[in-house]
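A.B. asks: Please find structure19.cif (mmCIF, C-alpha atoms) on the next line:
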data_query
#
loop_
_atom_site.label_atom_id
_atom_site.label_comp_id
_atom_site.auth_asym_id
_atom_site.auth_seq_id
_atom_site.Cartn_x
_atom_site.Cartn_y
_atom_site.Cartn_z
CA MET N 1 -8.76 9.98 -26.42
CA THR N 2 -5.49 10.86 -28.16
CA ASN N 3 -3.35 13.93 -27.49
CA PRO N 4 -2.97 16.07 -30.66
CA ILE N 5 -0.98 18.86 -28.95
CA ASN N 6 2.80 19.20 -28.99
CA PRO N 7 3.92 19.67 -25.35
CA ILE N 8 6.45 22.32 -26.46
CA ILE N 9 4.84 25.65 -27.33
CA VAL N 10 8.01 27.58 -28.17
CA GLN N 11 11.69 26.64 -28.15
CA LEU N 12 14.46 29.23 -28.28
CA GLY N 13 17.78 27.41 -28.22
CA PRO N 14 17.89 25.32 -25.04
CA PHE N 15 14.95 27.24 -23.51
CA GLN N 16 11.48 25.71 -23.83
CA VAL N 17 8.00 27.00 -23.04
CA ARG N 18 5.84 23.96 -22.39
CA TRP N 19 2.11 23.51 -21.95
CA TYR N 20 2.83 21.73 -18.67
CA GLY N 21 4.28 24.84 -17.08
CA VAL N 22 1.67 27.15 -18.64
CA LEU N 23 -1.21 25.06 -17.29
CA ILE N 24 0.36 24.96 -13.84
CA MET N 25 0.65 28.75 -13.78
CA ILE N 26 -2.94 29.14 -15.04
CA GLY N 27 -4.04 26.83 -12.23
CA VAL N 28 -2.04 28.84 -9.69
CA ALA N 29 -3.54 32.13 -10.89
CA LEU N 30 -7.12 30.82 -10.84
CA GLY N 31 -6.57 29.22 -7.44
CA ALA N 32 -5.31 32.54 -6.08
CA TRP N 33 -8.33 34.31 -7.57
CA PHE N 34 -10.69 31.98 -5.70
CA ALA N 35 -8.68 32.60 -2.53
CA SER N 36 -8.99 36.37 -3.00
CA ARG N 37 -12.77 36.03 -3.38
CA LEU N 38 -12.99 34.12 -0.13
CA ALA N 39 -10.80 36.74 1.55
CA GLN N 40 -13.17 39.50 0.44
CA LYS N 41 -16.16 37.56 1.81
CA ARG N 42 -14.37 37.36 5.17
CA GLY N 43 -13.60 41.08 5.17
CA LEU N 44 -9.86 40.42 4.74
CA ASN N 45 -7.42 42.24 2.50
CA PRO N 46 -7.14 40.18 -0.74
CA ASP N 47 -3.81 41.85 -1.51
CA HIS N 48 -2.25 39.45 0.98
CA VAL N 49 -3.29 36.56 -1.27
CA TRP N 50 -1.23 37.89 -4.15
CA GLY N 51 1.65 38.92 -1.90
CA GLY N 52 1.80 35.56 -0.18
CA LEU N 53 1.38 33.77 -3.51
CA ILE N 54 4.90 34.70 -4.60
CA VAL N 55 6.50 33.15 -1.52
CA ALA N 56 4.21 30.12 -1.60
CA VAL N 57 4.87 29.42 -5.28
CA LEU N 58 8.64 29.74 -4.98
CA LEU N 59 8.84 27.41 -1.98
CA GLY N 60 6.18 25.16 -3.52
CA ILE N 61 8.24 24.68 -6.69
CA LEU N 62 11.34 24.03 -4.60
CA GLY N 63 9.51 21.44 -2.49
CA ALA N 64 7.93 19.80 -5.52
CA ARG N 65 11.25 19.58 -7.29
CA LEU N 66 13.06 18.14 -4.25
CA TYR N 67 10.37 15.47 -3.88
CA HIS N 68 11.01 14.43 -7.49
CA VAL N 69 14.78 14.59 -7.17
CA PHE N 70 14.91 12.35 -4.10
CA SER N 71 12.34 9.85 -5.41
CA THR N 72 13.14 6.55 -7.14
CA PRO N 73 10.31 5.78 -9.57
CA ALA N 74 9.81 2.30 -10.97
CA GLY N 75 11.98 1.87 -14.06
CA CYS N 76 14.69 4.21 -12.78
CA PRO N 77 17.82 1.99 -12.76
CA PRO N 78 20.58 2.36 -10.12
CA ASP N 79 22.96 3.61 -12.82
CA ALA N 80 20.40 5.84 -14.55
CA THR N 81 21.70 7.95 -17.42
CA PHE N 82 18.50 9.98 -17.78
CA PRO N 83 16.78 12.32 -15.26
CA CYS N 84 14.33 9.92 -13.58
CA GLY N 85 15.05 10.35 -9.86
CA TRP N 86 17.69 10.10 -7.16
CA PRO N 87 19.76 7.38 -8.92
CA TYR N 88 20.46 9.98 -11.62
CA TYR N 89 20.55 13.23 -9.62
CA ARG N 90 22.92 11.93 -6.96
CA LYS N 91 25.59 12.00 -9.68
CA HIS N 92 24.22 15.06 -11.51
CA PHE N 93 22.85 17.08 -8.59
CA LEU N 94 23.23 20.49 -10.22
CA GLU N 95 20.94 19.35 -13.03
CA ALA N 96 18.14 19.04 -10.49
CA PHE N 97 17.87 22.84 -10.66
CA ALA N 98 18.75 23.28 -14.36
CA PHE N 99 15.17 23.78 -15.55
CA TRP N 100 16.28 24.66 -19.08
CA LYS N 101 17.54 21.12 -19.68
CA SER N 102 15.51 18.07 -20.60
CA GLY N 103 13.60 16.91 -17.58
CA GLY N 104 13.96 20.26 -15.77
CA PHE N 105 10.83 21.40 -14.00
CA GLN N 106 8.82 18.72 -15.77
CA GLY N 107 9.55 16.59 -12.70
CA LEU N 108 7.41 17.85 -9.81
CA GLY N 109 5.88 16.07 -6.81
CA ILE N 110 2.60 17.48 -5.46
CA TYR N 111 3.23 16.48 -1.84
CA GLY N 112 6.49 18.40 -1.89
CA ALA N 113 4.67 21.35 -3.46
CA VAL N 114 2.02 21.38 -0.71
CA ILE N 115 4.63 21.24 2.06
CA GLY N 116 6.72 23.99 0.47
CA GLY N 117 3.69 26.14 -0.31
CA ALA N 118 2.29 25.79 3.22
CA LEU N 119 5.68 26.78 4.62
CA GLY N 120 5.59 29.84 2.35
CA VAL N 121 2.17 30.83 3.71
CA PHE N 122 3.40 30.43 7.30
CA LEU N 123 6.47 32.58 6.62
CA TYR N 124 4.45 35.29 4.87
CA ALA N 125 1.85 35.30 7.65
CA TRP N 126 4.51 35.46 10.35
CA TRP N 127 6.27 38.36 8.62
CA ASN N 128 3.03 40.31 8.19
CA LYS N 129 1.59 39.36 11.61
CA LEU N 130 -1.35 37.43 10.11
CA ARG N 131 -3.02 34.24 11.33
CA ALA N 132 -1.45 31.54 9.20
CA LEU N 133 -4.24 28.96 9.58
CA GLU N 134 -6.81 31.48 8.40
CA TRP N 135 -4.86 32.07 5.19
CA LEU N 136 -4.16 28.38 4.67
CA ASP N 137 -7.93 27.89 4.80
CA LEU N 138 -8.37 30.55 2.12
CA GLY N 139 -5.80 28.91 -0.14
CA ALA N 140 -6.82 25.26 0.22
CA PRO N 141 -9.82 25.27 -2.18
CA GLY N 142 -7.81 27.18 -4.78
CA LEU N 143 -4.95 24.70 -4.44
CA ALA N 144 -7.33 21.86 -5.33
CA PHE N 145 -8.66 23.85 -8.30
CA GLY N 146 -5.13 24.57 -9.49
CA GLN N 147 -4.40 20.83 -9.44
CA PHE N 148 -7.58 20.21 -11.44
CA ILE N 149 -6.18 22.46 -14.20
CA GLY N 150 -2.52 21.46 -13.90
CA ARG N 151 -3.09 17.70 -14.27
CA TRP N 152 -4.03 18.22 -17.90
CA GLY N 153 -0.37 19.02 -18.50
CA ASN N 154 0.29 15.31 -17.94
CA PHE N 155 -2.17 14.54 -20.74
CA ILE N 156 -0.31 16.85 -23.13
CA ASN N 157 3.04 15.39 -21.99
CA GLN N 158 1.60 11.87 -22.51
CA GLU N 159 2.86 10.65 -19.15
CA LEU N 160 1.70 9.13 -15.87
CA TYR N 161 -0.90 6.91 -17.53
CA GLY N 162 -1.90 3.57 -16.09
CA PRO N 163 -2.08 0.02 -17.47
CA PRO N 164 -4.28 -0.94 -20.46
CA THR N 165 -8.01 -0.58 -19.77
CA GLY N 166 -8.90 -3.67 -21.78
CA SER N 167 -11.64 -1.59 -23.41
CA SER N 168 -12.15 -0.76 -27.06
CA TRP N 169 -13.59 2.71 -26.30
CA PHE N 170 -12.40 3.94 -22.90
CA GLY N 171 -8.86 5.11 -22.20
CA ILE N 172 -6.04 7.20 -23.57
CA ARG N 173 -4.18 6.28 -26.75
CA ILE N 174 -0.50 7.25 -26.99
CA ASN N 175 0.42 9.39 -29.97
CA PRO N 176 3.84 8.08 -31.14
CA ASN N 177 4.40 11.16 -33.30
CA LEU N 178 4.74 13.47 -30.26
CA PRO N 179 7.00 13.31 -27.17
CA HIS N 180 5.66 10.75 -24.73
CA GLN N 181 6.40 8.33 -21.93
CA PRO N 182 7.08 4.99 -23.67
CA PRO N 183 4.10 2.62 -23.30
CA PRO N 184 4.60 -0.89 -21.86
CA ASP N 185 5.99 -3.30 -24.45
CA GLY N 186 5.88 -0.54 -27.03
CA ARG N 187 2.14 -1.09 -27.64
CA TYR N 188 0.53 1.90 -29.32
CA ASP N 189 -2.62 0.03 -30.29
CA LEU N 190 -3.99 -0.16 -26.72
CA LEU N 191 -5.98 2.23 -24.57
CA TYR N 192 -4.47 3.06 -21.17
CA HIS N 193 -6.03 4.29 -17.91
CA PRO N 194 -5.99 8.13 -17.92
CA THR N 195 -4.77 8.56 -14.35
CA PHE N 196 -4.37 12.30 -14.92
CA LEU N 197 -8.13 12.46 -15.58
CA TYR N 198 -9.01 10.50 -12.43
CA GLU N 199 -6.93 12.82 -10.27
CA SER N 200 -8.12 15.95 -12.08
CA VAL N 201 -11.78 15.07 -11.51
CA TRP N 202 -11.13 14.25 -7.85
CA CYS N 203 -9.37 17.59 -7.38
CA LEU N 204 -12.41 19.36 -8.85
CA VAL N 205 -14.67 17.48 -6.41
CA THR N 206 -12.32 18.44 -3.55
CA PHE N 207 -12.43 22.08 -4.62
CA LEU N 208 -16.24 22.13 -4.76
CA ILE N 209 -16.54 20.58 -1.29
CA LEU N 210 -13.98 22.86 0.36
CA TYR N 211 -15.18 26.04 -1.35
CA HIS N 212 -18.78 25.28 -0.40
CA LEU N 213 -17.85 24.61 3.22
CA HIS N 214 -15.75 27.77 3.46
CA SER N 215 -18.49 29.90 1.89
CA ARG N 216 -21.56 28.46 3.59
CA LEU N 217 -20.54 27.13 7.01
CA PRO N 218 -18.04 29.59 8.53
CA HIS N 219 -19.90 29.61 11.85
CA LYS N 220 -19.25 25.90 12.34
CA LEU N 221 -15.59 25.91 11.37
CA ARG N 222 -12.39 26.70 13.23
CA GLU N 223 -9.31 28.18 11.62
CA GLY N 224 -7.41 25.39 9.92
CA ASP N 225 -10.43 23.13 9.33
CA ILE N 226 -10.58 23.76 5.58
CA PHE N 227 -6.87 23.11 5.17
CA LEU N 228 -7.27 19.91 7.19
CA GLY N 229 -10.13 19.04 4.85
CA TYR N 230 -7.72 19.29 1.93
CA VAL N 231 -5.13 17.20 3.81
CA ILE N 232 -7.78 14.48 4.15
CA LEU N 233 -9.69 14.71 0.86
CA TYR N 234 -6.92 15.03 -1.73
CA PRO N 235 -4.85 12.11 -0.35
CA LEU N 236 -8.02 9.98 -0.25
CA GLY N 237 -8.37 10.24 -4.02
CA ARG N 238 -4.64 10.02 -4.63
CA PHE N 239 -4.46 6.77 -2.65
CA PHE N 240 -6.76 5.00 -5.12
CA VAL N 241 -5.30 6.64 -8.25
CA GLU N 242 -1.87 5.27 -7.33
CA PHE N 243 -3.14 1.72 -7.91
CA PHE N 244 -3.16 2.64 -11.62
CA ARG N 245 0.43 3.95 -11.62
CA PRO N 246 2.87 1.21 -12.69
CA ASP N 247 5.74 3.74 -12.66
CA ALA N 248 5.20 4.81 -9.04
CA TRP N 249 7.97 5.09 -6.45
CA THR N 250 7.19 2.27 -4.04
CA ILE N 251 8.08 1.34 -0.47
CA GLY N 252 7.11 -2.22 0.25
CA ARG N 253 3.83 -3.16 -1.37
CA LEU N 254 2.46 0.36 -1.62
CA ALA N 255 3.49 3.43 -3.56
CA THR N 256 5.27 6.07 -1.49
CA ALA N 257 2.44 8.47 -2.34
CA GLN N 258 0.00 5.97 -0.79
CA TRP N 259 1.97 5.81 2.45
CA ILE N 260 1.99 9.61 2.56
CA ALA N 261 -1.75 9.61 1.83
CA LEU N 262 -2.42 7.26 4.74
CA VAL N 263 -0.39 9.44 7.11
CA CYS N 264 -2.18 12.59 5.90
CA MET N 265 -5.66 11.08 6.16
CA GLY N 266 -4.99 9.55 9.57
CA GLY N 267 -3.21 12.57 11.02
CA GLY N 268 -5.58 15.09 9.48
CA GLY N 269 -8.70 13.20 10.49
CA LEU N 270 -7.51 12.67 14.07
CA THR N 271 -6.50 16.32 14.42
CA LEU N 272 -9.85 17.50 13.05
CA ILE N 273 -11.79 15.29 15.47
CA MET N 274 -9.68 16.07 18.52
CA ARG N 275 -9.70 19.84 18.02
CA HIS N 276 -13.51 19.87 17.79
CA ILE N 277 -13.90 17.70 20.88
CA PHE N 278 -11.33 19.28 23.19
CA TRP N 279 -10.78 22.77 21.78
CA LYS N 280 -13.35 25.31 22.90
CA ARG N 281 -14.40 27.60 20.07
CA GLY N 282 -13.48 30.78 21.95
CA GLU N 283 -9.87 29.70 22.48
CA SER N 284 -7.05 30.81 20.21
#
As structure tokens, please, write out the structure in this file.
C.D. replies:
Amino acid sequence: MTNPINPIIVQLGPFQVRWYGVLIMIGVALGAWFASRLAQKRGLNPDHVWGGLIVAVLLGILGARLYHVFSTPAGCPPDATFPCGWPYYRKHFLEAFAFWKSGGFQGLGIYGAVIGGALGVFLYAWWNKLRALEWLDLGAPGLAFGQFIGRWGNFINQELYGPPTGSSWFGIRINPNLPHQPPPDGRYDLLYHPTFLYESVWCLVTFLILYHLHSRLPHKLREGDIFLGYVILYPLGRFFVEFFRPDAWTIGRLATAQWIALVCMGGGGLTLIMRHIFWKRGES
């Protein structure tokens, strides 16, 4: 599998339109559409999905960008002269928000996006006197579907791939004629683990599970259960994908994303169990 697509669709001076951003927005729009369908099934006003989407996306982008800015990926030297993480942005902090420059909003962290987006939903719900957990439940399946679409932007960018597969038929081959993340040792004759594909498929599985549960088993669920399902399921897949990420930001022997995944799975699972044991269904 080799990428034949230039990641830049159009460039007007310093301004670029990239497939990465387009795919993310397509994923966001489709995710919101799924959320609006679920809202209609629940007898809720789907207009709130599109109204809340604006706040959630803005805060989600801010959170995703901040996660990237304050990270220190492997290969990002202390005196970095290129936008790779905190070692660079601490000296060029304004560039963290200069999306028209190289690096710009190409650098996004999904955990930061989820935190920012969830905060946006809470703020929108509070302002409009809605039940925030109910609307987080509506958005969780669509969020997973949006990630399923958006991860293909990494394929077009030729980035975030893993080590060589050691196979002669399975893996991603780097196209040296298009912009790309440099492969280890400059080897273009090897096939690398397509980590974007692993995560994309897992996000699709997560979407199918959560959407099915939300559609078919509402009588057995409490508000917030579907969102907790996302908090458990997505990090479960991400934990294993990170083993194939040699460029990951690490703390100790694990990638930072793996530590976050463990906290999410443990906290989400414990909360889900405790609220079904000790929280009577009729209580708020």
A.B. asks: Please enumerate the residues selected by the PyMOL selection byres ((chain N and resi 238-254) around 12) when evaluated against the supplied file, formatted as a PyMOL selection string.
C.D. replies: chain N and resi 67-76+84-86+109-111+147+159-165+181-184+192-203+206+230-237+255-265
A.B. asks: Taking 4 positions as the minimum chain separation for residues in the same chain, which residues sit within 7 Å of Glu134 (chain N) when counting all atoms listed in the file? Answer as a list in words.
C.D. replies: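 Answer for this query is Leu138, Glu223 and Gly224 of chain N.
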A.B. asks: With all atoms listed in the file as the basis for distance, which of N:Leu191, N:Val57, N:Ile156, N:Val10 is at the shortest distance from Phe170 (chain N)?
C.D. replies: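 For Phe170 (chain N), the nearest of the given residues is N:Leu191.
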A.B. asks: What is the distance between CA of Gln40 (chain N) and CA of Gly116 (chain N), in Å to one decimal?
C.D. replies: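 Computing the Euclidean distance for CA of Gln40 (chain N) and CA of Gly116 (chain N) yields 25.2 Å.
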A.B. asks: One decimal, in Å: what's the spacing between CA of Pro7 (chain N) and CA of Phe148 (chain N)?
C.D. replies: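 Between CA of Pro7 (chain N) and CA of Phe148 (chain N) the gap works out to 18.1 Å.
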A.B. asks: As a list in words, please: the residues near Ile149 (chain N) (cut-off 9 Å, all atoms listed in the file, same-chain neighbours under 5 positions excluded).
C.D. replies: Leu23, Ile24, Ile26, Gly27, Val28, Ala144, Ser200, Cys203 and Leu204 of chain N
A.B. asks: Mind giving me the straight-line distance from CA of Ile174 (chain N) to CA of Gly186 (chain N) in Å, one decimal?
C.D. replies: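 Interatomic distance, CA of Ile174 (chain N) to CA of Gly186 (chain N): 10.1 Å.
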A.B. asks: Name the residues that the PyMOL selection byres ((chain N and resi 118-120) around 8) pulls out of this structure, and write them as a list of chain:residue names.
C.D. replies: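 This file gives the following for the PyMOL selection byres ((chain N and resi 118-120) around 8): N:Gly52, N:Val55, N:Ala56, N:Val57, N:Leu58, N:Leu59, N:Gly60, N:Val114, N:Ile115, N:Gly116, N:Gly117, N:Val121, N:Phe122, N:Leu123, N:Tyr124, N:Leu136.
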A.B. asks: Around all the atoms of region 85-100 of chain N listed in the file, draw an axis-aligned box and extend it by 3 Å on each of the six sides; I want its centre and edge lengths in Å to one decimal, as lines of an AutoDock Vina configuration file.
C.D. replies:
center_x = 20.3
center_y = 16.0
center_z = -13.0
size_x = 16.5
size_y = 23.3
size_z = 18.1
A.B. asks: Between N:Leu190, N:Leu62, N:Ile226, N:Ile273, which is the closest to Leu213 (chain N) once you count only C-alpha atoms?
C.D. replies: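 Nearest candidate to Leu213 (chain N) out of N:Leu190, N:Leu62, N:Ile226, N:Ile273: N:Ile226.
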A.B. asks: Could you list, as a ChimeraX atom specification, every residue within 9 Å of His214 (chain N), counting only C-alpha atoms and ignoring same-chain residues fewer than 5 positions away?
C.D. replies: /N:38,137-138,141,209,221,226
A.B. asks: For the PyMOL selection byres ((chain N and resi 47) around 12), applied here, can you spell out every residue it catches as a list in words?
C.D. replies: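 What the PyMOL selection byres ((chain N and resi 47) around 12) grabs from the file is Ala32, Trp33, Ala35, Ser36, Arg37, Ala39, Gln40, Gly43, Leu44, Asn45, Pro46, His48, Val49, Trp50, Gly51, Gly52, Leu53, Ile54, Asn128 and Trp135 of chain N.
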